[in-house]
Structure formats: C-alpha cells, structure tokens
Number of protein chains: 4
Amino acid sequence: MVPGGMKDIIIDMLDSGWVDVLVTTGANLTHDLVEALGYNHLQGSSNVDDKELHKKKIDRIYESYMPNEVYEGMEDFFGKHFDKLSTTKSVNEFLWKLGALVDKKSILQSCSKNKIPVFCPALIDSGIGLMVWGNLAKGKSINLSEFEDLKEMLDIAWTCKKAGVVYIGGGVPKNHIQQAMQFSKGAMYGVQITMDRPEPGGSSGAELREGISWGKLNEDGEYIDVICDATIALPLIHAALKDRIK
Amino acid sequence: MVPGGMKDIIIDMLDSGWVDVLVTTGANLTHDLVEALGYNHLQGSSNVDDKELHKKKIDRIYESYMPNEVYEGMEDFFGKHFDKLSTTKSVNEFLWKLGALVDKKSILQSCSKNKIPVFCPALIDSGIGLMVWGNLAKGKSINLSEFEDLKEMLDIAWTCKKAGVVYIGGGVPKNHIQQAMQFSKGAMYGVQITMDRPEPGGSSGAELREGISWGKLNEDGEYIDVICDATIALPLIHAALKDRIK
Amino acid sequence: MVPGGMKDIIIDMLDSGWVDVLVTTGANLTHDLVEALGYNHLQGSSNVDDKELHKKKIDRIYESYMPNEVYEGMEDFFGKHFDKLSTTKSVNEFLWKLGALVDKKSILQSCSKNKIPVFCPALIDSGIGLMVWGNLAKGKSINLSEFEDLKEMLDIAWTCKKAGVVYIGGGVPKNHIQQAMQFSKGAMYGVQITMDRPEPGGSSGAELREGISWGKLNEDGEYIDVICDATIALPLIHAALKDRIK
Amino acid sequence: MVPGGMKDIIIDMLDSGWVDVLVTTGANLTHDLVEALGYNHLQGSSNVDDKELHKKKIDRIYESYMPNEVYEGMEDFFGKHFDKLSTTKSVNEFLWKLGALVDKKSILQSCSKNKIPVFCPALIDSGIGLMVWGNLAKGKSINLSEFEDLKEMLDIAWTCKKAGVVYIGGGVPKNHIQQAMQFSKGAMYGVQITMDRPEPGGSSGAELREGISWGKLNEDGEYIDVICDATIALPLIHAALKDRIK
C-alpha cells in the first residue's frame, strides 16, 4: 500500500516528467484505485486485536486500516465499466483505460494522462485482478496477455540510450526492472530504498552492486543502497530533487 | 533462488504428499530448471568484486554464483520443446508440461508427476518467461491466461474443507495465497518463515495475525511467525515432521 | 535475558569445559540470579496491553514475563549476604562469591565452581548493580574496581596461545572481547550469532571480518557470521558439538 | 562511533541546553576524543579487503576508516595529563576533566563546559578505558567508582519533575537510562531511533511501550519508535526542533 503522503509524492513525480516507466504491484494500484473511488485508508496501530478489527470489517495493513466495503465499491465500478476495459491486449493498456475512468488524482490517472507505461507483472495478485476474474466468472471475456507487456518493456530497455532505476521496496517490481536491464547497456544510475537484508538471499534485499555481475547495472554506473523506510527516504529525495531542479 | 539442500527438502515435501498447492516465483522455477538441465549453482562469497564476476560471466545471487551460459542451455531447450509447451491454457498446465520434459529430480518434475497445482503469478518476471517471449519474438504463439490459474486457485480455496498455509519468504507468492484464503474459511494453520520486518508495511514482513482482520487467517487458527533464515528454519521443520510422521 | 533452554545450554557449555572466559551483561546475570533464587520467567506474548501488565506488576521482556516481586527477593538476599560479598577487589571475584552463595544450577554457580573468569563491564547497569547501590546507600561499603577486571582480561588475551571467540548477541560484551583480542595475536576462530545489521554502523551488527582490519581477528582466522536468532542457532551448534566431541 | 555530521548535531543539542543528562558508550567518547586531538575519521567502503586495511594500519568501522596511529596520540595525551585526571571519584567527573583539557569542539568539551552530567557505564570497554589501564600498569593510581555515578544518576531520576528520554541506538546506554527511569515517575516522553528488531528479545530492539509494564515509561507518556538509521532520523528531528524553537 502507498501511504497518503507517499502517493502524492509519486503522483508529483509522474506529473513532473521524472518517470519514464512505472513497474508496480497490483496491490499498490488497487489501493490507489480505492482512494480514487472515494474511500480512505485510516491511520491505526499494529498493537491491536485483529479479531476486533475483523468484527468491525476493517482490514489491517500494518498501521493502516481499510474498510472492507471498498470491495463492493470496486465491484460496482468494474461491473459498470468492464466492457470498456476488456477491449485491450496488454495490462498496460488496461491500466491506462482504468486511469482514464477515474476523476480523482491518482497514480493510475497520472500514468494514463501522461501516457507513462505502467507495468504490473502480477495483476491477478490484487483486488483489480479479482475484479477481472469476477467478471469473467459472469461469462464476460478479456484477452490480456502479459507477454505483450513484457515485449514492450524489453523494447524500452533495448532502445533507451541511458537507463536509470529507482526501487522503492523490492519484490516482483524490482526484479522485473532488473530483468529488463539485462537487455539495456546496464543501468547507469541506481537508487534502492529498502529495509530488507541481503543475507537471506532474496532479490528484494540484494545490494545493487550484485547487479553488476549480471550486467543489470553498468560497471561504470553510480548507485546507492538506502537502507531506510521508504516513507522517510522518498520524501527527502523528492524534496531535494524539487529544490535542485527549480 | 532455492539453494541446494533446500531444493531437496522441497522436492521431498512435494513427493511425500505434504503439499496440496505450490505457489512460487518464476525465479525459483528457473533456477530449478537450470539445474534440471544439468547446470550447477556454486557457493561463493558476497564480499567480492562484481566487476570481476561480470568479466567471468558469473551471475551472483548473494553468496551463490551461476554461470551466465545457462541462458544458452535454456534457449536450446525451449527452442526444441516450444511447440509441445505452447498448447496450454494456464500457467499451471504449462509448468506441468515443462516438468514432464525434464529427466532430473526437480521441483518442476515433482509437481508434474504428482499433479500438484503449481501457480506462478508473475511468470513473465523470470528466465522461463523470457524464453517464452523469445519464441514469441520468432513468430511462434502461445495462449496462456493467468486468469485460468486464478480461477483454479480460488476454486481450490473455496472448496477446501480446511486450509493451512506455509510461507517460505514473502513477495507475490505469499500475497497470492493470502488473497486466495479470503475465499476459504480462513487458514486454520499458518507458518511463516521470513527475515523481513513488519514496520515498513509490506506484505512480506507482515505478521500472520494481521490476516485475521481480513479473514485470511481464521480467528481460531493456529499460527507462528518464524523470524529466521529459511535455510536454517525449513530443514529443522522438515526433519521434525519426518520424525513425527514416521 | 537468557531464556530457559538457552540457560541450560550455556550452563552445560560452562560445565563441559568449553568456556575459558565469559563476558556478559549485568542483565543476563540478574535474570540468572533471579531464577537461582527460586523465581520463574513466564512465556507470554508481545501483542499485549502493557498497562495491564503494569497493573499486575509483571515486567515484560519481549515475550517473557517476570513478576516484579523478584526485586524484593533480591533485596533480602543481598541484605543477608552483602558483608560477605563486599570483601572483593574485582567484579569477577564478586560474581564468583555470588555464585558460591546460590544453591540452584545457574550461570553464576557454574562460573564460580569451575573458576571460569566472568567479566561484566557494566555491572551497575543491572539489578545486581542496583542491589550493591542499595546497600551502599544504607552506609555499607564495597571497593570494586573494574580496572582490576580489565587487567585480568587483557592478561588472559596477551598470554593465550590461540584465541577463539563466540558472540551470542552483541553490545558491550562483544565489544569488550573484541577490545581484548587486540592484545592477543588476533582470534583464530570466530562465531557470531546476531540479528543486528551491519549498515547502521554499530559494533553489535558489525561483520566479524571487520575485525581483521583492527587485528582483533587474525588474518588467517576462520570465522562465520550467523544471522539468526540465538535461541535457534545456539541449540543447533551446541547439539552438533556435543555429538562430535563424544 | 558518531559520524561527523552527527557529532556536530549532538554538540549543538548539548550547547543549546536541550540535554539534561548524557549516557553514552566509551567508544563514542573515544572517537570524539580522537577527533578533538586532531585526528580524522575517513569515509570508506565496507566492500573492501580487510587484510589490505590491516596492512595499511587502518581500522574499519563499517564504512568509516580510522588510522590506528590515534592510539599513540591518545597515549601521549593521557601520559601528559593523567595526574590531573586521576583525582576524581566518579566517571562523570573524570570525563568533565577530560573535556576541559581539549581545545576542539567535541562532545566531551560541551558536556564539560555546560556541566551536563555524562555517564558512561562501561568506560573500561573503550580506548579511554585502555589509556587509564595503561597508566595504572605503569604504577599510577586512580580511584574511580561507577557506583558514584549510579548514585548521582538515580538521584537525578528520583528528583526530576518530569522525565523524557531520547535513545539514539540501544546497548548499555539505553538500558541504563531505562533502569534509572524505574526510579522516576516513568518517562512522560520517549523517542527511540534504532534499526534493531524486537523479536530477538534484547533491550536495544525492544519497543518503548514494553517499558510501561516496568514503570520505565509512564502509562500516560507519549512515545515513538523510529525504525531508522540514526544518521537519517536525527538530523531531521534536530532541524525540525531548531525550526520550532526559534
């Protein structure tokens, strides 16, 4: 989930022309859509009785609370718009259409209106994915191929003159960008903001310099591992960049 | 990547009938396939000059080294077998076919021969995904829909009498199982092995009890968060279970 | 605090002649003494209302609970024995006398009866330290000099033929041993069990190899950083050693 | 070790009258003294060959490098001034005398000139402690009792109207302040900046709210656990406070 202030920062980065490609999780886009449809996430506490929350139909994401009723709102929305959304070939196109349908400032809307390619390699693993499945279960159809997105993403990596990567957290989005970098000349700039450790061996916690061995990061690239909560580090980086660019 | 001893344990768990459904990353399956094709991962060190490794065409995954030539081996393999593999509808079916094609003990082979559903919600984010893309780029076709897999996975969750979940690490696989649990009565058992922290707010580090608020974990479920490297915790759990089941 | 099973392991290591010198915190020795005086620590939960615990006079140490009444028990004990305890010059001697006074199996008793030097460089930072202070406040006197302990510890390091170090956690005990190693030929063996990270820059999370630069670890030394909860790693190491030594 | 910018912030906090009591490690004071004597710490890298550093007589502290020659400089300094320093009863007094002897801006100097009590419960575990030991080995004497410091610290806690605590990292300093808080009405404010986890059970990673059960933190106290590298969090907090106080 992208907490409030973070979402505004990401939207500002998208609207400022700083972002050429966005790769993200279905969860991030779902929580973004939920707010675009008028719902709110609430700041709560993690030291809480989750059974009580369950009774009150509140879903917890660490310290953030979300009313479970958002799913009904999404069902209405997708029920109304599914026919328009389903005439797509790639996930990117699908997400652009989705972003064009919402009125409120949101990540989806900004990607859509700025035509920023937005890749989501595991869309089925999200509320949005569930909404598509729900409509398929009602007999509707959609013809989404993630290989269309993969093709487009590798083309961008292959043809770009100079690549730079910024990772806010890890997971599939990080790995997916790293994978694409193998088809570029290797990223010349890299920033990674994470609280994950390298020692367990997963992609999320891996130091950026590891990518040099693969050719994901250029040997002459500049890079920094920021071991920090993204809600602390990103606002600082964003503000500093705003200041320098002015 | 699944280190050597870990892979044997997972294969044993699959072959022992302990696993009803496997959800994993494309990377895990790719490294599994690479070894099934006869390549090895080597134990190295993380305190190394990655530029040197790059010159020697060795890809580093923390302390594991993999020769980059595995990609050529995979290209040959997929070139030879793509036509057989491409006549599938779901990723699960595709992976079963893949597993039936390899001779060596492997996760893919065990899922295939034991007909254990194996879901991989971000297949495009992996070497295997790249191999499919490479064949599509040569004009071949495949008609994989991850929504077929999602349908099958939610059906399993919906119809199972009693669910239990075991998470080795987090990422999309954890979140994907958690998502399916919302369609079950909530998991009655949960084990999570992770080194990720809850505080940054991501799914990977989230405590299992958080799932109670969502209905992913049953209110009466038993569960444990094991804050430990999986290469330490899983062999212990496996050995203890082997012993008790005997 | 040293959880139950862990304490037994450490006592067994002391009684088996495996330990030449023990450096530990005052807290570890206080909780050890508390149990030697007949009190128990209870296994609880960290997801609890600490105000409720406060009302019930239960002190929480993550998942362990200790009744606050142990302090009265310690006051009685030190009131009765202070005169005997106060005729010492070093903390080590003081702790040996303390260990000779308790009947139950304990770390203090094992160090005392086996004459294993036990150093505690911040004794005042503990319940035991408070007990000494309480008796001084009543007009009694003691003449403890930690520089006596430092002298003894550096002598051991200086004269030992071959040093090896085992760190269970970090803090002052780790740093204090590292400091002494500068006066040895550098440790030839090193094991460190910790969950702390290197990146924040503190001594507790520092990789052992860092000690090579200082001469704390010998250039030809063998060493391993075990990134693991000590309650998982130590029993494994202990059991494996028991098995091999037999 | 207190990195450059951090040291300036801490000195500013001391000189601004924000700090009533400082509790710190001997290492922090040693590295502070080293710079006050004219030496520098250098910014290096942790991905380095520690054997090479050892040959060059450079001591590594994660990414900071310190020339080993600082020890000679300290020996000269303590050799010259030991007689003046040794006429003390408490560590606090000793450190104030030390701070009065240095010319350069430093933590020691600021504590000394502002008469801010500075407690260091494990002085022997530091370069400064080694310097005292070295002079004792030459036949000189000192009569430092840490119980004098303990008495003074508990008096401050006992008599203060309202206590607040700020922890930058953990270790003995945190635990020592927590211990003293048991003699106050419980801290009414608490800030903790740490990267340590609660789950291993140590004091450094313990959540502040745990202190409520002990009476270390007041039931009505306000507090926050900042899971962040101190070199990121402290400058932000310092700058925000500067701004608000103006």
# chains A, B, ... in the order shown; residues from 1 in each chain; ligands from 1
$ interface_residues --of "chain D" --to "chain C" --cutoff "8 Å" --atoms "only C-alpha atoms" --output "JSON, numbers by chain"
{"D": [1, 50, 51, 52, 53, 54, 55, 57, 58, 59, 60, 61, 62, 63, 68, 121, 122, 124, 125, 126, 133, 144, 145, 146, 147, 150, 151, 171, 172, 175, 176, 179, 195, 196, 197, 198, 199, 200, 201, 202, 203, 206, 209, 210, 211, 212, 213, 214, 215, 219, 229, 230]}
$ atom_distance --atom1 "CA of Val165 in chain B" --atom2 "CA of Ala233 in chain C"
24.7 Å
$ select_by_dssp --residues "range 8-220 of chain A" --states "strand (DSSP E or B)" --output "PyMOL selection string"
chain A and resi 22-23+42-43+58-61+64-67+118-119+164-168+187-194+217-220
$ atom_distance --atom1 "CA of Lys138 in chain C" --atom2 "CA of Lys80 in chain C"
13.3 Å
$ residues_around --residues "range 76-78 of chain C" --least-positions-apart "3" --cutoff "10 Å" --atoms "only C-alpha atoms" --output "PDB file with N, CA and C atoms, in the first residue's frame"
ATOM      1  N   LEU C  37      17.313 -17.901  42.699  1.00  0.00           N
ATOM      2  CA  LEU C  37      16.644 -17.624  43.982  1.00  0.00           C
ATOM      3  C   LEU C  37      15.233 -18.215  44.031  1.00  0.00           C
ATOM      4  N   VAL C  70      10.461 -10.079  42.200  1.00  0.00           N
ATOM      5  CA  VAL C  70      11.833 -10.613  42.277  1.00  0.00           C
ATOM      6  C   VAL C  70      12.768  -9.611  42.936  1.00  0.00           C
ATOM      7  N   TYR C  71      12.440  -8.314  42.785  1.00  0.00           N
ATOM      8  CA  TYR C  71      13.335  -7.307  43.366  1.00  0.00           C
ATOM      9  C   TYR C  71      13.369  -7.398  44.891  1.00  0.00           C
ATOM     10  N   GLU C  72      12.215  -7.710  45.487  1.00  0.00           N
ATOM     11  CA  GLU C  72      12.195  -7.886  46.948  1.00  0.00           C
ATOM     12  C   GLU C  72      13.036  -9.094  47.348  1.00  0.00           C
ATOM     13  N   GLY C  73      12.897 -10.168  46.584  1.00  0.00           N
ATOM     14  CA  GLY C  73      13.696 -11.359  46.861  1.00  0.00           C
ATOM     15  C   GLY C  73      15.189 -11.068  46.784  1.00  0.00           C
ATOM     16  N   HIS C  81      23.613 -11.192  52.641  1.00  0.00           N
ATOM     17  CA  HIS C  81      24.959 -11.637  52.251  1.00  0.00           C
ATOM     18  C   HIS C  81      25.932 -10.506  51.907  1.00  0.00           C
ATOM     19  N   PHE C  82      25.506  -9.270  52.045  1.00  0.00           N
ATOM     20  CA  PHE C  82      26.349  -8.196  51.500  1.00  0.00           C
ATOM     21  C   PHE C  82      27.737  -8.147  52.115  1.00  0.00           C
ATOM     22  N   ASP C  83      27.807  -8.383  53.406  1.00  0.00           N
ATOM     23  CA  ASP C  83      29.127  -8.283  54.055  1.00  0.00           C
ATOM     24  C   ASP C  83      30.127  -9.274  53.472  1.00  0.00           C
ATOM     25  N   LYS C  84      29.630 -10.480  53.209  1.00  0.00           N
ATOM     26  CA  LYS C  84      30.497 -11.477  52.581  1.00  0.00           C
ATOM     27  C   LYS C  84      30.912 -11.051  51.158  1.00  0.00           C
ATOM     28  N   LEU C  85      29.955 -10.499  50.441  1.00  0.00           N
ATOM     29  CA  LEU C  85      30.195 -10.146  49.033  1.00  0.00           C
ATOM     30  C   LEU C  85      31.119  -8.947  48.869  1.00  0.00           C
ATOM     31  N   LEU C  98      29.238 -14.506  44.636  1.00  0.00           N
ATOM     32  CA  LEU C  98      27.778 -14.551  44.455  1.00  0.00           C
ATOM     33  C   LEU C  98      27.364 -15.957  44.007  1.00  0.00           C
ATOM     34  N   LEU C 101      27.158 -18.608  46.596  1.00  0.00           N
ATOM     35  CA  LEU C 101      26.078 -18.470  47.583  1.00  0.00           C
ATOM     36  C   LEU C 101      24.764 -19.087  47.133  1.00  0.00           C
ATOM     37  N   VAL C 102      24.631 -19.376  45.852  1.00  0.00           N
ATOM     38  CA  VAL C 102      23.331 -19.896  45.376  1.00  0.00           C
ATOM     39  C   VAL C 102      23.377 -21.421  45.251  1.00  0.00           C
ATOM     40  N   ILE C 128      21.582  -6.459  39.795  1.00  0.00           N
ATOM     41  CA  ILE C 128      22.655  -6.743  40.763  1.00  0.00           C
ATOM     42  C   ILE C 128      23.360  -5.444  41.150  1.00  0.00           C
ATOM     43  N   MET C 131      21.369  -3.561  43.564  1.00  0.00           N
ATOM     44  CA  MET C 131      21.418  -4.139  44.916  1.00  0.00           C
ATOM     45  C   MET C 131      22.662  -3.656  45.665  1.00  0.00           C
ATOM     46  N   VAL C 132      23.783  -3.591  44.941  1.00  0.00           N
ATOM     47  CA  VAL C 132      25.002  -3.054  45.560  1.00  0.00           C
ATOM     48  C   VAL C 132      24.759  -1.600  45.956  1.00  0.00           C
ATOM     49  N   GLY C 134      22.020  -0.120  46.613  1.00  0.00           N
ATOM     50  CA  GLY C 134      21.077  -0.060  47.741  1.00  0.00           C
ATOM     51  C   GLY C 134      21.785  -0.259  49.077  1.00  0.00           C
ATOM     52  N   ASN C 135      22.762  -1.157  49.096  1.00  0.00           N
ATOM     53  CA  ASN C 135      23.496  -1.392  50.342  1.00  0.00           C
ATOM     54  C   ASN C 135      24.489  -0.271  50.636  1.00  0.00           C
TER      55      ASN C 135
END
$ residues_around --residues "Met6 in chain B" --least-positions-apart "6" --cutoff "12 Å" --atoms "only C-alpha atoms" --output "list in words"
Asp12, Met13, Asn28, Asp32, Ser106, Ile107, Ile168, Asp229, Ala230, Thr231, Ile232, Ala233, Leu234, Pro235, Leu236, Ile237 and His238 of chain B
$ residues_around --residues "Cys160 in chain C" --least-positions-apart "3" --cutoff "10 Å" --atoms "only C-alpha atoms" --output "number ranges by chain"
C: 154-157, 163, 183-185
$ write_last_selection --atoms "N, CA, C and O atoms" --output "compact mmCIF listing (two decimals), in the first residue's frame"
# COMPACT_ATOMS: atom_id res chain seq x y z
N LEU C 154 42.92 -8.54 29.96
CA LEU C 154 43.96 -8.28 28.96
C LEU C 154 45.14 -9.23 29.16
O LEU C 154 45.77 -9.66 28.19
N ASP C 155 45.42 -9.59 30.41
CA ASP C 155 46.47 -10.59 30.67
C ASP C 155 46.13 -11.92 30.00
O ASP C 155 47.00 -12.56 29.39
N ILE C 156 44.89 -12.33 30.13
CA ILE C 156 44.47 -13.60 29.51
C ILE C 156 44.66 -13.52 28.00
O ILE C 156 45.20 -14.43 27.37
N ALA C 157 44.22 -12.42 27.41
CA ALA C 157 44.34 -12.26 25.96
C ALA C 157 45.81 -12.25 25.53
O ALA C 157 46.19 -12.86 24.53
N ALA C 163 43.48 -17.84 20.45
CA ALA C 163 42.18 -17.38 20.95
C ALA C 163 41.07 -17.71 19.97
O ALA C 163 41.29 -17.75 18.75
N PHE C 183 44.94 -7.37 22.01
CA PHE C 183 46.13 -7.66 22.80
C PHE C 183 46.57 -9.12 22.64
O PHE C 183 47.56 -9.54 23.22
N SER C 184 45.81 -9.88 21.87
CA SER C 184 46.20 -11.26 21.56
C SER C 184 46.83 -11.26 20.15
O SER C 184 47.06 -10.20 19.57
N LYS C 185 47.05 -12.43 19.61
CA LYS C 185 47.54 -12.50 18.23
C LYS C 185 46.38 -12.38 17.23
O LYS C 185 46.56 -12.61 16.04
$ select_by_dssp --residues "range 46-218 of chain C" --states "helix (DSSP H, G or I)" --output "VMD selection string"
chain C and resid 50 to 55 70 to 85 91 to 101 107 to 114 127 to 137 146 to 159 171 to 181 210 to 214
$ atom_distance --atom1 "CA of Ala36 in chain D" --atom2 "CA of Met153 in chain C"
28.9 Å
$ decode --residues "range 186-225 of chain B" --atoms "N, CA and C atoms" --output "mmCIF file, in the first residue's frame"
data_model
loop_
_atom_site.group_PDB
_atom_site.id
_atom_site.type_symbol
_atom_site.label_atom_id
_atom_site.label_comp_id
_atom_site.auth_asym_id
_atom_site.auth_seq_id
_atom_site.Cartn_x
_atom_site.Cartn_y
_atom_site.Cartn_z
ATOM 1 N N GLY B 186 -10.778 -19.145 5.870
ATOM 2 C CA GLY B 186 -9.623 -18.599 6.606
ATOM 3 C C GLY B 186 -8.719 -19.757 6.987
ATOM 4 N N ALA B 187 -7.431 -19.566 6.825
ATOM 5 C CA ALA B 187 -6.488 -20.658 7.133
ATOM 6 C C ALA B 187 -6.601 -21.048 8.607
ATOM 7 N N MET B 188 -6.595 -22.353 8.871
ATOM 8 C CA MET B 188 -6.647 -22.839 10.252
ATOM 9 C C MET B 188 -5.238 -23.030 10.819
ATOM 10 N N TYR B 189 -4.260 -23.104 9.927
ATOM 11 C CA TYR B 189 -2.863 -23.228 10.335
ATOM 12 C C TYR B 189 -2.033 -22.265 9.500
ATOM 13 N N GLY B 190 -1.038 -21.679 10.104
ATOM 14 C CA GLY B 190 -0.164 -20.789 9.352
ATOM 15 C C GLY B 190 1.260 -20.825 9.892
ATOM 16 N N VAL B 191 2.203 -20.978 8.990
ATOM 17 C CA VAL B 191 3.618 -20.879 9.354
ATOM 18 C C VAL B 191 4.249 -19.895 8.381
ATOM 19 N N GLN B 192 5.011 -18.981 8.897
ATOM 20 C CA GLN B 192 5.678 -18.004 8.052
ATOM 21 C C GLN B 192 7.142 -17.924 8.447
ATOM 22 N N ILE B 193 8.010 -18.154 7.493
ATOM 23 C CA ILE B 193 9.454 -18.059 7.736
ATOM 24 C C ILE B 193 9.975 -16.862 6.962
ATOM 25 N N THR B 194 10.419 -15.856 7.678
ATOM 26 C CA THR B 194 10.864 -14.649 6.977
ATOM 27 C C THR B 194 11.887 -13.904 7.804
ATOM 28 N N MET B 195 12.706 -13.114 7.129
ATOM 29 C CA MET B 195 13.622 -12.189 7.797
ATOM 30 C C MET B 195 13.141 -10.748 7.618
ATOM 31 N N ASP B 196 12.018 -10.552 6.936
ATOM 32 C CA ASP B 196 11.523 -9.196 6.705
ATOM 33 C C ASP B 196 10.819 -8.662 7.944
ATOM 34 N N ARG B 197 10.843 -7.355 8.104
ATOM 35 C CA ARG B 197 10.249 -6.700 9.267
ATOM 36 C C ARG B 197 8.813 -6.289 8.985
ATOM 37 N N PRO B 198 7.986 -6.210 9.993
ATOM 38 C CA PRO B 198 6.632 -5.684 9.770
ATOM 39 C C PRO B 198 6.598 -4.168 9.555
ATOM 40 N N GLU B 199 7.496 -3.435 10.182
ATOM 41 C CA GLU B 199 7.350 -1.979 10.253
ATOM 42 C C GLU B 199 7.317 -1.253 8.916
ATOM 43 N N PRO B 200 8.058 -1.673 7.887
ATOM 44 C CA PRO B 200 7.954 -0.935 6.620
ATOM 45 C C PRO B 200 6.579 -1.081 5.954
ATOM 46 N N GLY B 201 5.758 -2.014 6.433
ATOM 47 C CA GLY B 201 4.374 -2.071 5.974
ATOM 48 C C GLY B 201 4.089 -2.983 4.797
ATOM 49 N N GLY B 202 5.095 -3.667 4.279
ATOM 50 C CA GLY B 202 4.875 -4.529 3.123
ATOM 51 C C GLY B 202 4.270 -5.876 3.494
ATOM 52 N N SER B 203 3.791 -6.574 2.485
ATOM 53 C CA SER B 203 3.149 -7.870 2.699
ATOM 54 C C SER B 203 4.148 -8.912 3.215
ATOM 55 N N SER B 204 5.363 -8.889 2.695
ATOM 56 C CA SER B 204 6.337 -9.921 3.052
ATOM 57 C C SER B 204 6.633 -9.963 4.540
ATOM 58 N N GLY B 205 6.743 -8.805 5.158
ATOM 59 C CA GLY B 205 7.108 -8.755 6.563
ATOM 60 C C GLY B 205 5.916 -8.736 7.512
ATOM 61 N N ALA B 206 4.716 -8.698 6.959
ATOM 62 C CA ALA B 206 3.521 -8.581 7.807
ATOM 63 C C ALA B 206 3.359 -9.808 8.700
ATOM 64 N N GLU B 207 3.031 -9.581 9.961
ATOM 65 C CA GLU B 207 2.766 -10.685 10.884
ATOM 66 C C GLU B 207 1.529 -11.450 10.415
ATOM 67 N N LEU B 208 1.528 -12.749 10.637
ATOM 68 C CA LEU B 208 0.391 -13.554 10.190
ATOM 69 C C LEU B 208 -0.921 -13.087 10.817
ATOM 70 N N ARG B 209 -0.869 -12.672 12.104
ATOM 71 C CA ARG B 209 -2.134 -12.314 12.778
ATOM 72 C C ARG B 209 -2.856 -11.166 12.078
ATOM 73 N N GLU B 210 -2.115 -10.328 11.343
ATOM 74 C CA GLU B 210 -2.743 -9.270 10.545
ATOM 75 C C GLU B 210 -3.832 -9.862 9.636
ATOM 76 N N GLY B 211 -3.582 -11.086 9.149
ATOM 77 C CA GLY B 211 -4.531 -11.751 8.251
ATOM 78 C C GLY B 211 -5.887 -12.032 8.883
ATOM 79 N N ILE B 212 -5.936 -12.082 10.208
ATOM 80 C CA ILE B 212 -7.221 -12.307 10.896
ATOM 81 C C ILE B 212 -8.193 -11.181 10.579
ATOM 82 N N SER B 213 -7.659 -9.945 10.541
ATOM 83 C CA SER B 213 -8.545 -8.808 10.276
ATOM 84 C C SER B 213 -9.220 -8.946 8.909
ATOM 85 N N TRP B 214 -8.520 -9.510 7.962
ATOM 86 C CA TRP B 214 -9.019 -9.682 6.599
ATOM 87 C C TRP B 214 -9.869 -10.946 6.415
ATOM 88 N N GLY B 215 -9.802 -11.861 7.358
ATOM 89 C CA GLY B 215 -10.418 -13.163 7.135
ATOM 90 C C GLY B 215 -9.512 -14.111 6.361
ATOM 91 N N LYS B 216 -8.242 -13.760 6.188
ATOM 92 C CA LYS B 216 -7.303 -14.651 5.502
ATOM 93 C C LYS B 216 -6.868 -15.774 6.451
ATOM 94 N N LEU B 217 -6.769 -15.421 7.707
ATOM 95 C CA LEU B 217 -6.452 -16.390 8.749
ATOM 96 C C LEU B 217 -7.698 -16.503 9.609
ATOM 97 N N ASN B 218 -8.079 -17.738 9.931
ATOM 98 C CA ASN B 218 -9.273 -17.940 10.754
ATOM 99 C C ASN B 218 -9.027 -17.447 12.181
ATOM 100 N N GLU B 219 -10.066 -16.882 12.763
ATOM 101 C CA GLU B 219 -9.960 -16.386 14.147
ATOM 102 C C GLU B 219 -9.490 -17.459 15.110
ATOM 103 N N ASP B 220 -9.849 -18.692 14.828
ATOM 104 C CA ASP B 220 -9.451 -19.798 15.699
ATOM 105 C C ASP B 220 -8.211 -20.527 15.174
ATOM 106 N N GLY B 221 -7.588 -19.957 14.159
ATOM 107 C CA GLY B 221 -6.418 -20.597 13.555
ATOM 108 C C GLY B 221 -5.204 -20.562 14.474
ATOM 109 N N GLU B 222 -4.320 -21.531 14.274
ATOM 110 C CA GLU B 222 -3.046 -21.537 14.989
ATOM 111 C C GLU B 222 -1.966 -21.104 14.010
ATOM 112 N N TYR B 223 -1.050 -20.295 14.478
ATOM 113 C CA TYR B 223 -0.066 -19.750 13.539
ATOM 114 C C TYR B 223 1.186 -19.317 14.268
ATOM 115 N N ILE B 224 2.251 -19.248 13.502
ATOM 116 C CA ILE B 224 3.525 -18.833 14.100
ATOM 117 C C ILE B 224 4.362 -18.067 13.071
ATOM 118 N N ASP B 225 4.904 -16.950 13.490
ATOM 119 C CA ASP B 225 5.861 -16.200 12.676
ATOM 120 C C ASP B 225 7.265 -16.641 13.065
#
